[in-house]
Structures are given as C-alpha cells and as structure tokens.
Amino acid sequence: MKFDKVVTGGTVVTPSGTVVADIGIVGEKIEAIGTDLGAAANGATRIDASGHYVIPGVLDVHVHLALPFCGTVSSDDYLSGTRAAARGGVTTLVDFAIPYEGDSLSDAADNWHKRAEGKSLIDYTFHICITRWDEHKDQIEGMIERGFSTFKEFMIYESEGWQSDDRALFGTLEKMKEHGTMLLVHAESARVLDELIERHHTPELMAKHGANLHAMTRPNFIEAEAIQRAIMWSEITGGQLYIVHMSTEEGAELVKSAQMRGVPVLAETCAQYLVLDDSVFDQEDGHLFACCPQVKKQTDSLRLWKGMRSGEVSVVSTDTCTFTREQKAMWEGDWTKIPMGLPGLETLLPIVYTHGVRFGRISIEEMCRLLSTNPAQIMGLFPKKGAIQVGADADLAIVHPTHEITIDPAEMETNADWSPYEGWSLAGFSRTTLSRGDVIVDDYRVVGKAGRGKWLPRKKAGLARTESETKMSEA
Ligand code: URP
Ligand code: ZN
Ligand code: ZN
C-alpha cells in the first residue's frame with residue numbers, strides 16, 4: 001500500500017490496546033496500523049516515533065479565546081491560543097460562542113467563526129451559549145441544523161448578562177432530550193454567592209485577606225447546590241447534562257449518585273483543579289490564580305482523580321481564559337475585580353501525563369480516554385476525532401515518556417506572561433503533532449500555518465437518547 005506518511009515504531013495507544021506499531025497515513029486520514037508499514041512506504045515521509053508514545057490528538061473541549069470578560073478581553077486569540085494548543089498535543093478545541101447584547105444565537109456563531117477563520121492552526125467548533133432564554137429558545141433548532149450540537153448556560157454572571165435561571169435550564173434540557181443534543185452548565189449558586197461576596201466586600205476584610213477572599217466567598221456548597229439543582233432538571237426532563245469545570249468532591253459525589261440512578265449527566269474537570277489548591281492565594285501574586293470556580297483543597301483534587309478512574313469524571317479540559325499580569329493587575333486589591341481565568345492549552349497534556357500517568361494515578365490508556373476518546377464521543381466528534389483507528393483523521397501527538405521541559409512563560413506560545421506552573425518540570429509535551437496528516441509541531445516547535453484549521457460540524461452529542469429513540473426501544 002502507498003502512504004503519504006508513515007509514523008514508525010512508536011508505542012501506539014489505540015482503543016483496542018497499546019502496541020508497538022507503524023501508522024500509515026494517506027492525505028488527512030489514518031489508512032493502516034500495523035507492523036512493518038515503514039518498509040512498504042516507497043517514498044512516503046517517514047516520521048520516527050521509536051522510544052515515544054503515539055497518542056490520539058487531544059481535544060480540549062472547554063476553551064475561551066479572545067473572550068470579552070471581566071471588563072477586558074482574554075489575551076490568547078486563535079493565533080496564539082491554537083499555537084499553544086498544538087505544542088501541547090491538542091488538535092481540536094471547542095470554544096464558546098456567546099451572544100452580545102441583542103445578538104441571536106446565529107449572530108454569536110458568525111462572530112466566533114470570524115475570530116477563528118484565517119487564524120486557527122487546529123480544528124475547532126463552538127458550544128452555543130444561551131443567555132436570554134425568551135429571545136433564544138426558538139433559535140435552538142436552527143443552530144442544530146447549522147451543525148451545532150452542544151449548548152451552554154451559566155448559572156452565574158448576571159453582571160455579564162449571561163446568567164440563566166431554572167426556567168431556562170429546564171426548557172433547554174427538554175429541547176436537548178427532543179433532539180439528542182447536550183446542555184453544558186456552569187454550576188455555581190448565584191444568589192448565595194452574591195450574598196457572601198456582599199458580606200465580605202469591606203475595606204477591612206480586603207486589606208486583611210486580599211485574594212484569599214476569592215476562595216473564602218466560594219465555599220464548596222456554592223458549586224454543590226447548583227450541580228444538585230441542574231441534575232434535578234436533567235433527571236426530570238431526561239435531557240443530557242454536562243457539568244463543566246467541576247472542582248469539588250461534593251460535585252463528584254452528586255454526579256456519581258445521579259449516574260447510578262440513570263440520570264443522563266456527565267462531568268468534566270480541568271487540569272488546574274487536579275494539581276493546584278487554594279493555598280496559591282497566600283502567595284504575593286496569589287490574585288493571578290483567580291479563576292471561576294476557584295481551585296479548591298487537596299481533598300477535592302484527590303476526589304477528582306478518583307472520579308477520573310471510576311467514571312464520574314469523563315473529561316479533563318482547561319477552561320483556558322488567559323489574562324496577562326497587566327490585566328490581572330486591574331484588581332487593585334479588590335478580589336471582585338480580578339479578571340478570572342488561567343492559561344491552559346499548552347500544559348493540559350503535560351500536566352495530566354506527568355501528574356497522572358507518571359505519578360501512577362492513571363494509565364496511559366485512561367489518559368487517552370479522558371483527553372481524547374471521551375471528549376470526542378461526548379461532543380459528537382467521534383470517530384473522526386478521538387482515537388487512533390483506521391478511517392479517523394490523522395491527528396496524533398508523539399510524546400517522549402520521560403523528556404521534561406521546565407515551564408518558562410518566555411518560552412511558551414501563549415500570550416500569558418506568567419504561568420500557574422512556572423518552574424515546574426513536566427514531561428508530556430508533544431515532540432511532533434500531526435493534524436489531519438500535517439506536521440504542525442516538529443521537535444517541540446510549532447511549524448504549522450495559521451488558518452489551516454477547519455470548523456467541525458456536528459449532529460448529536462452526549463450519551464442520552466432522543467425522545468423518539470427512547471419510544472422506539474420501548475415499543
Ligand atoms: O475563570 C474562568 N473560568 N473564566 C472563563 C469563564 C467561565 O466561567 O468559564
Ligand atoms: Zn464557567
Ligand atoms: Zn469556561
């Protein structure tokens with residue numbers, strides 16, 4: 001067989017096992033996986049992967065690029081953000097298209113397409129954010145026809161104009177059930193959170209506690225109450241629910257018991273909740289670490305790692321929302337003014353590989369499920385994305401098992417001039433990244449061209465069945 005490229009001799013992680021094999025690529029697709037394909041290559045470009053893992057390209061399904069938020073705009077756009085992604089072995093990202101005031105859902109999608117086109121190095125799609133239920137509810141079907149199968153609602157952020165109430169959550173989940181699509185929810189309890197912020201917002205407490213107030217005003221029950229409520233609406237409607245950036249042990253317990261009752265709820269966590277805890281706010285520059293929800297305690301991290309093994313945590317993403325030191329300085333001692341978010345795309349795979357696989361918490365196969373296969377299946381992108389198998393896009397990351405890189409923001413692709421992981425030594429950076437057969441990272445450096453990334457249309461999402469599928473199987 002004639003191939004355009006052959007990746008030779010790597011330890012290849014596939015859905016049916018991990019084997020030393022070659023991967024033959026024709027055009028954008030994986031054409032063959034087997035031994036000795038290299039010998040039959042006849043003029044094919046050979047990419048030596050011996051001594052390396054070859055894993056499916058990572059899907060980061062929770063990303064915000066150039067997001068207007070907290071009075072500024074997040075500093076990684078589709079140029080820097082997707083270069084950072086590629087260096088971290090991420091070959092697909094899902095951003096959130098958020099309607100501005102007066103915008104329809106379709107306007108939001110158009111707007112996000114314009115941000116990505118001509119800039120994105122990797123493939124992408126968007127979750128469509130429903131921010132004004134009465135205005136947006138009749139536009140959902142049109143967006144499904146346009147190729148969007150995931151929607152998002154925020155249970156907080158009233159001041160941004162994004163907040164959804166129970167009526168919107170309930171109504172959207174009913175529609176998700178009807179169409180086999182999925183609702184993503186940012187679950188934090190708005191009213192009690194507002195109350196706690198108000199109680200603590202005094203000059204005395206701010207002088208005393210500084211950025212620690214960010215954590216002090218968001219106890220775990222703020223997330224847990226909201227997750228519980230969203231689960232209730234999913235249970236009643238049968239609509240597929242996906243809890244984004246879950247950060248607490250209480251959340252993991254709620255998701256686990258709901259799944260055991262058969263509620264169609266899934267959850268993701270993010271790399272920062274696995275390796276950071278709220279002692280970061282004691283540091284002199286602790287305000288830099290403010291993200292929403294904030295990082296919690298070590299007991300929460302341990303519970304999330306456990307959930308990744310036992311199934312209540314299906315996906316690890318980043319919630320990338322990058323702000324520079326200058327942007328973070330807007331806080332001037334008031335924690336409610338800190339632009340909330342962290343850089344993440346470039347370090348997702350290195351963090352999960354180093355702190356998961358190398359530290360013996362998860363296997364390499366489990367890591368590939370959490371970073372590639374599960375997100376692809378849940379977001380409706382499988383089998384095109386998410387696994388190394390014949391017929392799939394040739395999206396690959398070639399990773400040395402022990403080669404470590406010390407995190408130095410000056411050497412990174414992100415526009416962030418700081419990193420939550422500065423000085424950490426991490427293995428798991430991608431030596432070579434392929435996206436649809438193109439080498440976009442070579443020898444740890446980005447070589448791919450901006451704008452080559454493609455939008456990915458989708459039809460379905462989640463694991464839940466539609467109303468008509470349920471009726472058919474019951475008949
Ligand atoms: O801190 C965060 N997460 N910023 C982005 C907005 C969100 O809630 O995902
Ligand atoms: Zn959020
Ligand atoms: Zn987010």
# chains A, B, ... in the order shown; residues from 1 in each chain; ligands from 1
>>> select_by_dssp(residues="region 217-454 of chain A", states="helix (DSSP H, G or I)", output="PyMOL selection string")
chain A and resi 220-237+249-260+271-275+278-282+286-289+298-310+325-331+335-337+348-358+364-378+409-411
>>> residues_near_ligand(ligand="ligand 1", cutoff="10 Å", atoms="only C-alpha atoms and all ligand atoms", output="ChimeraX atom specification")
/A:62-65,67-70,74,96,154-157,185-188,244-245,270,289-294,318-323,338-343
>>> write_last_selection(atoms="C-alpha atoms", output="PDB file, in the first residue's frame")
ATOM      1  CA  HIS A  62     -13.524  23.962  27.154  1.00  0.00           C
ATOM      2  CA  VAL A  63     -11.654  26.959  25.760  1.00  0.00           C
ATOM      3  CA  HIS A  64     -12.266  30.726  25.629  1.00  0.00           C
ATOM      4  CA  LEU A  65     -10.172  32.631  23.072  1.00  0.00           C
ATOM      5  CA  LEU A  67     -13.246  36.436  25.266  1.00  0.00           C
ATOM      6  CA  PRO A  68     -14.621  39.812  26.376  1.00  0.00           C
ATOM      7  CA  PHE A  69     -14.944  39.152  30.124  1.00  0.00           C
ATOM      8  CA  CYS A  70     -14.473  40.919  33.461  1.00  0.00           C
ATOM      9  CA  SER A  74      -8.729  37.405  27.326  1.00  0.00           C
ATOM     10  CA  PHE A  96     -17.986  29.065  23.499  1.00  0.00           C
ATOM     11  CA  PHE A 154     -24.252  29.843  33.025  1.00  0.00           C
ATOM     12  CA  MET A 155     -25.956  29.749  36.433  1.00  0.00           C
ATOM     13  CA  ILE A 156     -23.932  32.883  37.465  1.00  0.00           C
ATOM     14  CA  TYR A 157     -22.533  36.014  35.741  1.00  0.00           C
ATOM     15  CA  VAL A 185     -23.769  24.128  32.572  1.00  0.00           C
ATOM     16  CA  HIS A 186     -21.511  26.354  34.653  1.00  0.00           C
ATOM     17  CA  ALA A 187     -22.907  25.347  38.050  1.00  0.00           C
ATOM     18  CA  GLU A 188     -22.489  27.854  40.860  1.00  0.00           C
ATOM     19  CA  VAL A 244     -18.279  21.977  33.102  1.00  0.00           C
ATOM     20  CA  HIS A 245     -15.171  22.616  35.207  1.00  0.00           C
ATOM     21  CA  CYS A 270      -9.891  20.901  34.441  1.00  0.00           C
ATOM     22  CA  PHE A 289      -4.630  32.380  40.150  1.00  0.00           C
ATOM     23  CA  ALA A 290      -8.236  33.609  40.327  1.00  0.00           C
ATOM     24  CA  CYS A 291     -10.422  31.549  38.052  1.00  0.00           C
ATOM     25  CA  CYS A 292     -14.062  30.666  38.282  1.00  0.00           C
ATOM     26  CA  PRO A 293     -14.760  28.368  40.023  1.00  0.00           C
ATOM     27  CA  GLN A 294     -11.559  28.781  42.013  1.00  0.00           C
ATOM     28  CA  THR A 318      -8.640  23.501  30.616  1.00  0.00           C
ATOM     29  CA  ASP A 319     -11.205  26.335  30.647  1.00  0.00           C
ATOM     30  CA  THR A 320      -8.393  28.349  29.056  1.00  0.00           C
ATOM     31  CA  CYS A 321      -9.127  32.030  29.584  1.00  0.00           C
ATOM     32  CA  THR A 322      -5.787  33.788  29.633  1.00  0.00           C
ATOM     33  CA  PHE A 323      -5.069  37.143  31.251  1.00  0.00           C
ATOM     34  CA  ILE A 338      -9.755  40.268  39.129  1.00  0.00           C
ATOM     35  CA  PRO A 339     -10.210  39.035  35.537  1.00  0.00           C
ATOM     36  CA  MET A 340     -10.952  35.381  36.206  1.00  0.00           C
ATOM     37  CA  GLY A 341      -9.233  32.671  34.200  1.00  0.00           C
ATOM     38  CA  LEU A 342      -5.970  30.844  33.587  1.00  0.00           C
ATOM     39  CA  PRO A 343      -3.855  29.848  30.590  1.00  0.00           C
TER      40      PRO A 343
END
>>> closest_residue(among="A:His214, A:Lys152, A:Arg261, A:Arg431", to="ligand 2", atoms="only C-alpha atoms and all ligand atoms")
A:Lys152
>>> residues_around(residues="Gly38 (chain A)", least_positions_apart="4", cutoff="12 Å", atoms="only C-alpha atoms", output="ChimeraX atom specification")
/A:1-10,21-25,32-34,42-49
>>> write_last_selection(atoms="N, CA and C atoms", output="compact mmCIF listing (two decimals), in the first residue's frame")
# COMPACT_ATOMS: atom_id res chain seq x y z
N MET A 1 0.84 -1.22 0.00
CA MET A 1 0.00 0.00 0.00
C MET A 1 0.87 1.26 0.00
N LYS A 2 0.41 2.30 -0.70
CA LYS A 2 1.21 3.52 -0.81
C LYS A 2 0.69 4.54 0.21
N PHE A 3 1.59 5.04 1.03
CA PHE A 3 1.21 6.04 2.03
C PHE A 3 1.90 7.36 1.73
N ASP A 4 1.29 8.46 2.21
CA ASP A 4 1.98 9.75 2.12
C ASP A 4 2.99 9.90 3.26
N LYS A 5 2.56 9.42 4.42
CA LYS A 5 3.45 9.48 5.60
C LYS A 5 3.32 8.18 6.36
N VAL A 6 4.42 7.77 7.00
CA VAL A 6 4.34 6.62 7.91
C VAL A 6 5.03 7.01 9.22
N VAL A 7 4.29 6.86 10.31
CA VAL A 7 4.85 7.10 11.64
C VAL A 7 5.35 5.74 12.12
N THR A 8 6.65 5.62 12.33
CA THR A 8 7.21 4.28 12.55
C THR A 8 7.65 4.02 13.98
N GLY A 9 7.35 2.79 14.41
CA GLY A 9 7.97 2.22 15.62
C GLY A 9 7.56 2.82 16.95
N GLY A 10 6.45 3.57 16.99
CA GLY A 10 6.02 4.16 18.26
C GLY A 10 5.19 3.19 19.08
N ALA A 21 3.81 -0.17 16.88
CA ALA A 21 3.29 -0.33 15.51
C ALA A 21 3.65 0.88 14.67
N ASP A 22 3.41 0.75 13.37
CA ASP A 22 3.53 1.87 12.44
C ASP A 22 2.12 2.36 12.10
N ILE A 23 2.04 3.62 11.72
CA ILE A 23 0.74 4.18 11.30
C ILE A 23 0.92 4.75 9.88
N GLY A 24 0.15 4.21 8.95
CA GLY A 24 0.21 4.70 7.57
C GLY A 24 -0.86 5.75 7.34
N ILE A 25 -0.44 6.86 6.76
CA ILE A 25 -1.36 8.00 6.56
C ILE A 25 -1.47 8.28 5.06
N ALA A 32 -3.78 2.80 7.76
CA ALA A 32 -3.40 1.47 8.25
C ALA A 32 -2.64 1.59 9.56
N ILE A 33 -2.78 0.55 10.39
CA ILE A 33 -1.97 0.45 11.62
C ILE A 33 -1.44 -0.97 11.61
N GLY A 34 -0.12 -1.11 11.66
CA GLY A 34 0.41 -2.48 11.59
C GLY A 34 1.91 -2.47 11.76
N ASN A 42 7.71 3.33 0.30
CA ASN A 42 8.06 3.83 -1.05
C ASN A 42 7.90 5.32 -1.22
N GLY A 43 8.81 6.02 -0.71
CA GLY A 43 8.76 7.47 -0.95
C GLY A 43 7.89 8.22 0.03
N ALA A 44 7.25 7.50 0.92
CA ALA A 44 6.45 8.20 1.93
C ALA A 44 7.37 8.91 2.91
N THR A 45 6.90 10.01 3.47
CA THR A 45 7.69 10.68 4.51
C THR A 45 7.63 9.81 5.75
N ARG A 46 8.81 9.57 6.32
CA ARG A 46 8.88 8.70 7.49
C ARG A 46 9.05 9.56 8.73
N ILE A 47 8.22 9.31 9.72
CA ILE A 47 8.33 10.05 10.99
C ILE A 47 8.67 9.03 12.06
N ASP A 48 9.89 9.14 12.56
CA ASP A 48 10.36 8.13 13.53
C ASP A 48 9.76 8.41 14.91
N ALA A 49 9.02 7.41 15.43
CA ALA A 49 8.42 7.57 16.75
C ALA A 49 8.98 6.54 17.74
>>> closest_residue(among="A:Leu213, A:Leu205, A:Ala376, A:Ile140", to="Thr336 (chain A)", atoms="only C-alpha atoms")
A:Leu213
>>> closest_residue(among="A:Leu79, A:Ile130, A:Leu93, A:Val357", to="Gly118 (chain A)", atoms="only C-alpha atoms")
A:Leu79
>>> atom_distance(atom1="CA of Ala230 (chain A)", atom2="CA of Asp60 (chain A)")
23.2 Å
>>> residues_around(residues="Pro264 (chain A)", least_positions_apart="2", cutoff="10 Å", atoms="only C-alpha atoms", output="list in words")
Lys177, Met182, Ile231, Ser234, Glu235, Thr237, Gly238, Gly239, Gln240, Leu241, Tyr242, Val255, Ala258, Gln259, Met260, Arg261, Gly262, Leu266, Gly462, Leu463, Ala464 and Arg465 of chain A
>>> select_by_dssp(residues="region 167-337 of chain A", states="strand (DSSP E or B)", output="number ranges by chain")
A: 182-186, 240-243, 265-270, 315-317, 320
>>> write_last_selection(atoms="N, CA and C atoms", output="compact mmCIF listing (two decimals), in the first residue's frame")
# COMPACT_ATOMS: atom_id res chain seq x y z
N MET A 182 -26.93 18.35 23.71
CA MET A 182 -26.47 18.37 25.11
C MET A 182 -26.34 19.80 25.64
N LEU A 183 -26.70 19.95 26.91
CA LEU A 183 -26.54 21.24 27.59
C LEU A 183 -25.35 21.19 28.55
N LEU A 184 -24.41 22.11 28.36
CA LEU A 184 -23.30 22.28 29.29
C LEU A 184 -23.70 23.36 30.29
N VAL A 185 -23.36 23.15 31.56
CA VAL A 185 -23.77 24.13 32.57
C VAL A 185 -22.58 24.51 33.45
N HIS A 186 -22.41 25.83 33.61
CA HIS A 186 -21.51 26.35 34.65
C HIS A 186 -22.35 26.41 35.92
N GLN A 240 -29.82 15.55 28.27
CA GLN A 240 -28.39 15.29 28.56
C GLN A 240 -27.74 16.56 29.13
N LEU A 241 -27.14 16.39 30.31
CA LEU A 241 -26.48 17.48 31.03
C LEU A 241 -24.99 17.18 31.14
N TYR A 242 -24.18 18.22 31.05
CA TYR A 242 -22.73 18.09 31.17
C TYR A 242 -22.26 19.22 32.08
N ILE A 243 -21.72 18.84 33.24
CA ILE A 243 -21.24 19.86 34.19
C ILE A 243 -19.82 20.26 33.79
N VAL A 265 -26.26 12.55 33.15
CA VAL A 265 -25.35 13.66 33.49
C VAL A 265 -23.91 13.19 33.34
N LEU A 266 -23.09 14.06 32.77
CA LEU A 266 -21.66 13.81 32.62
C LEU A 266 -20.93 15.00 33.23
N ALA A 267 -19.64 14.79 33.54
CA ALA A 267 -18.89 15.91 34.13
C ALA A 267 -17.46 15.94 33.62
N GLU A 268 -16.96 17.18 33.51
CA GLU A 268 -15.54 17.38 33.21
C GLU A 268 -14.91 18.09 34.41
N THR A 269 -13.62 17.86 34.58
CA THR A 269 -12.85 18.74 35.44
C THR A 269 -11.75 19.36 34.59
N CYS A 270 -10.97 20.25 35.20
CA CYS A 270 -9.89 20.90 34.44
C CYS A 270 -8.56 20.64 35.15
N VAL A 315 -14.07 13.71 31.41
CA VAL A 315 -13.24 14.55 30.53
C VAL A 315 -12.35 15.45 31.39
N VAL A 316 -11.11 15.66 30.93
CA VAL A 316 -10.29 16.72 31.52
C VAL A 316 -10.04 17.76 30.43
N SER A 317 -10.37 19.01 30.75
CA SER A 317 -10.18 20.11 29.80
C SER A 317 -9.40 21.21 30.51
N THR A 320 -9.36 27.30 29.39
CA THR A 320 -8.39 28.35 29.06
C THR A 320 -9.08 29.70 28.92
>>> residues_around(residues="Glu413 (chain A)", least_positions_apart="5", cutoff="10 Å", atoms="only C-alpha atoms", output="number ranges by chain")
A: 76, 79-88, 345-346, 445-446
>>> write_last_selection(atoms="N, CA, C and O atoms", output="CSV table (one decimal), in the first residue's frame")
chain,number,residue,atom,x,y,z
A,76,ASP,N,-5.3,35.3,24.9
A,76,ASP,CA,-4.9,34.4,23.8
A,76,ASP,C,-6.1,34.4,22.8
A,76,ASP,O,-7.2,34.1,23.2
A,79,LEU,N,-4.8,32.9,17.1
A,79,LEU,CA,-3.4,32.7,16.6
A,79,LEU,C,-2.6,32.1,17.7
A,79,LEU,O,-2.1,31.0,17.6
A,80,SER,N,-2.4,32.8,18.8
A,80,SER,CA,-1.6,32.3,19.9
A,80,SER,C,-2.2,31.1,20.6
A,80,SER,O,-1.4,30.2,21.0
A,81,GLY,N,-3.5,31.1,20.8
A,81,GLY,CA,-4.1,30.0,21.5
A,81,GLY,C,-4.0,28.7,20.8
A,81,GLY,O,-3.7,27.6,21.4
A,82,THR,N,-4.1,28.7,19.5
A,82,THR,CA,-4.0,27.4,18.8
A,82,THR,C,-2.6,26.9,18.6
A,82,THR,O,-2.3,25.7,18.5
A,83,ARG,N,-1.6,27.9,18.6
A,83,ARG,CA,-0.2,27.5,18.5
A,83,ARG,C,0.1,26.9,19.9
A,83,ARG,O,0.8,25.8,19.9
A,84,ALA,N,-0.4,27.5,21.0
A,84,ALA,CA,-0.1,26.9,22.3
A,84,ALA,C,-0.7,25.5,22.4
A,84,ALA,O,-0.1,24.5,22.9
A,85,ALA,N,-1.9,25.4,21.8
A,85,ALA,CA,-2.6,24.1,21.8
A,85,ALA,C,-1.8,23.0,21.1
A,85,ALA,O,-1.5,21.9,21.7
A,86,ALA,N,-1.3,23.3,19.9
A,86,ALA,CA,-0.5,22.4,19.1
A,86,ALA,C,0.7,21.9,19.9
A,86,ALA,O,1.0,20.7,19.9
A,87,ARG,N,1.4,22.8,20.5
A,87,ARG,CA,2.6,22.5,21.3
A,87,ARG,C,2.3,21.5,22.4
A,87,ARG,O,3.1,20.7,22.8
A,88,GLY,N,1.0,21.6,22.9
A,88,GLY,CA,0.6,20.7,24.0
A,88,GLY,C,-0.1,19.5,23.4
A,88,GLY,O,-0.8,18.8,24.2
A,345,LEU,N,-4.1,25.6,27.6
A,345,LEU,CA,-4.0,24.7,26.4
A,345,LEU,C,-2.6,24.1,26.3
A,345,LEU,O,-2.5,22.9,25.9
A,346,GLU,N,-1.6,24.8,26.5
A,346,GLU,CA,-0.2,24.3,26.3
A,346,GLU,C,0.2,23.3,27.3
A,346,GLU,O,1.1,22.5,27.0
A,445,ARG,N,8.6,22.5,18.3
A,445,ARG,CA,8.4,23.8,17.8
A,445,ARG,C,7.2,23.8,16.9
A,445,ARG,O,7.1,22.9,16.0
A,446,VAL,N,6.4,24.9,16.9
A,446,VAL,CA,5.3,25.0,16.0
A,446,VAL,C,5.8,25.3,14.6
A,446,VAL,O,6.5,26.3,14.4
>>> residues_around(residues="Ile236 (chain A)", least_positions_apart="4", cutoff="10 Å", atoms="only C-alpha atoms", output="list in words")
Phe170, Leu173, Glu174, Ile231, Met232 and Val263 of chain A
>>> write_last_selection(atoms="N, CA and C atoms", output="short mmCIF file (atom, residue, chain, number, x, y, z; two decimals), in the first residue's frame")
data_model
loop_
_atom_site.label_atom_id
_atom_site.label_comp_id
_atom_site.auth_asym_id
_atom_site.auth_seq_id
_atom_site.Cartn_x
_atom_site.Cartn_y
_atom_site.Cartn_z
N PHE A 170 -34.39 24.24 32.55
CA PHE A 170 -35.44 23.23 32.37
C PHE A 170 -35.86 23.16 30.90
N LEU A 173 -33.07 21.79 28.61
CA LEU A 173 -32.90 20.33 28.76
C LEU A 173 -34.03 19.57 28.06
N GLU A 174 -35.24 20.11 28.10
CA GLU A 174 -36.34 19.46 27.36
C GLU A 174 -35.99 19.40 25.88
N ILE A 231 -28.84 18.77 38.11
CA ILE A 231 -29.10 17.32 37.99
C ILE A 231 -30.59 17.05 38.11
N MET A 232 -31.23 17.74 39.02
CA MET A 232 -32.69 17.55 39.21
C MET A 232 -33.43 17.84 37.89
N VAL A 263 -29.45 8.99 35.66
CA VAL A 263 -29.65 10.37 35.16
C VAL A 263 -28.60 10.63 34.07
#
>>> closest_residue(among="A:Ile30, A:Leu434, A:Leu59, A:Leu304", to="Ile398 (chain A)", atoms="only C-alpha atoms")
A:Leu434
>>> residues_around(residues="Ser419 (chain A)", least_positions_apart="4", cutoff="9 Å", atoms="only C-alpha atoms", output="VMD selection string")
chain A and resid 288 342 to 344 407 to 409 423
>>> write_last_selection(atoms="N, CA, C and O atoms", output="short mmCIF file (atom, residue, chain, number, x, y, z; two decimals), in the first residue's frame")
data_model
loop_
_atom_site.label_atom_id
_atom_site.label_comp_id
_atom_site.auth_asym_id
_atom_site.auth_seq_id
_atom_site.Cartn_x
_atom_site.Cartn_y
_atom_site.Cartn_z
N LEU A 288 -3.23 36.28 40.74
CA LEU A 288 -3.10 35.78 39.35
C LEU A 288 -3.89 34.49 39.16
O LEU A 288 -4.35 34.19 38.07
N LEU A 342 -7.37 31.28 33.62
CA LEU A 342 -5.97 30.84 33.59
C LEU A 342 -5.60 30.40 32.18
O LEU A 342 -6.46 29.92 31.44
N PRO A 343 -4.30 30.51 31.83
CA PRO A 343 -3.85 29.85 30.59
C PRO A 343 -3.85 28.35 30.81
O PRO A 343 -3.71 27.90 31.96
N GLY A 344 -3.99 27.54 29.75
CA GLY A 344 -4.05 26.09 30.00
C GLY A 344 -3.76 25.19 28.82
O GLY A 344 -3.29 24.07 29.00
N ILE A 407 8.74 24.76 32.90
CA ILE A 407 7.79 25.78 32.43
C ILE A 407 8.36 27.18 32.63
O ILE A 407 8.66 27.61 33.74
N ASP A 408 8.51 27.85 31.48
CA ASP A 408 9.04 29.22 31.48
C ASP A 408 8.17 30.02 30.51
O ASP A 408 8.21 29.78 29.30
N PRO A 409 7.35 30.94 31.00
CA PRO A 409 6.42 31.66 30.12
C PRO A 409 7.11 32.30 28.90
O PRO A 409 6.51 32.38 27.83
N GLY A 423 8.22 27.15 36.51
CA GLY A 423 9.28 26.44 37.24
C GLY A 423 9.01 24.95 37.41
O GLY A 423 9.91 24.21 37.82
#
>>> atom_distance(atom1="CA of Ser435 (chain A)", atom2="CA of Glu28 (chain A)")
7.9 Å
>>> closest_residue(among="A:Cys129, A:Ile405, A:Met412, A:Met143", to="ligand 2", atoms="only C-alpha atoms and all ligand atoms")
A:Cys129
>>> atom_distance(atom1="CA of Trp112 (chain A)", atom2="CA of Arg458 (chain A)")
16.1 Å
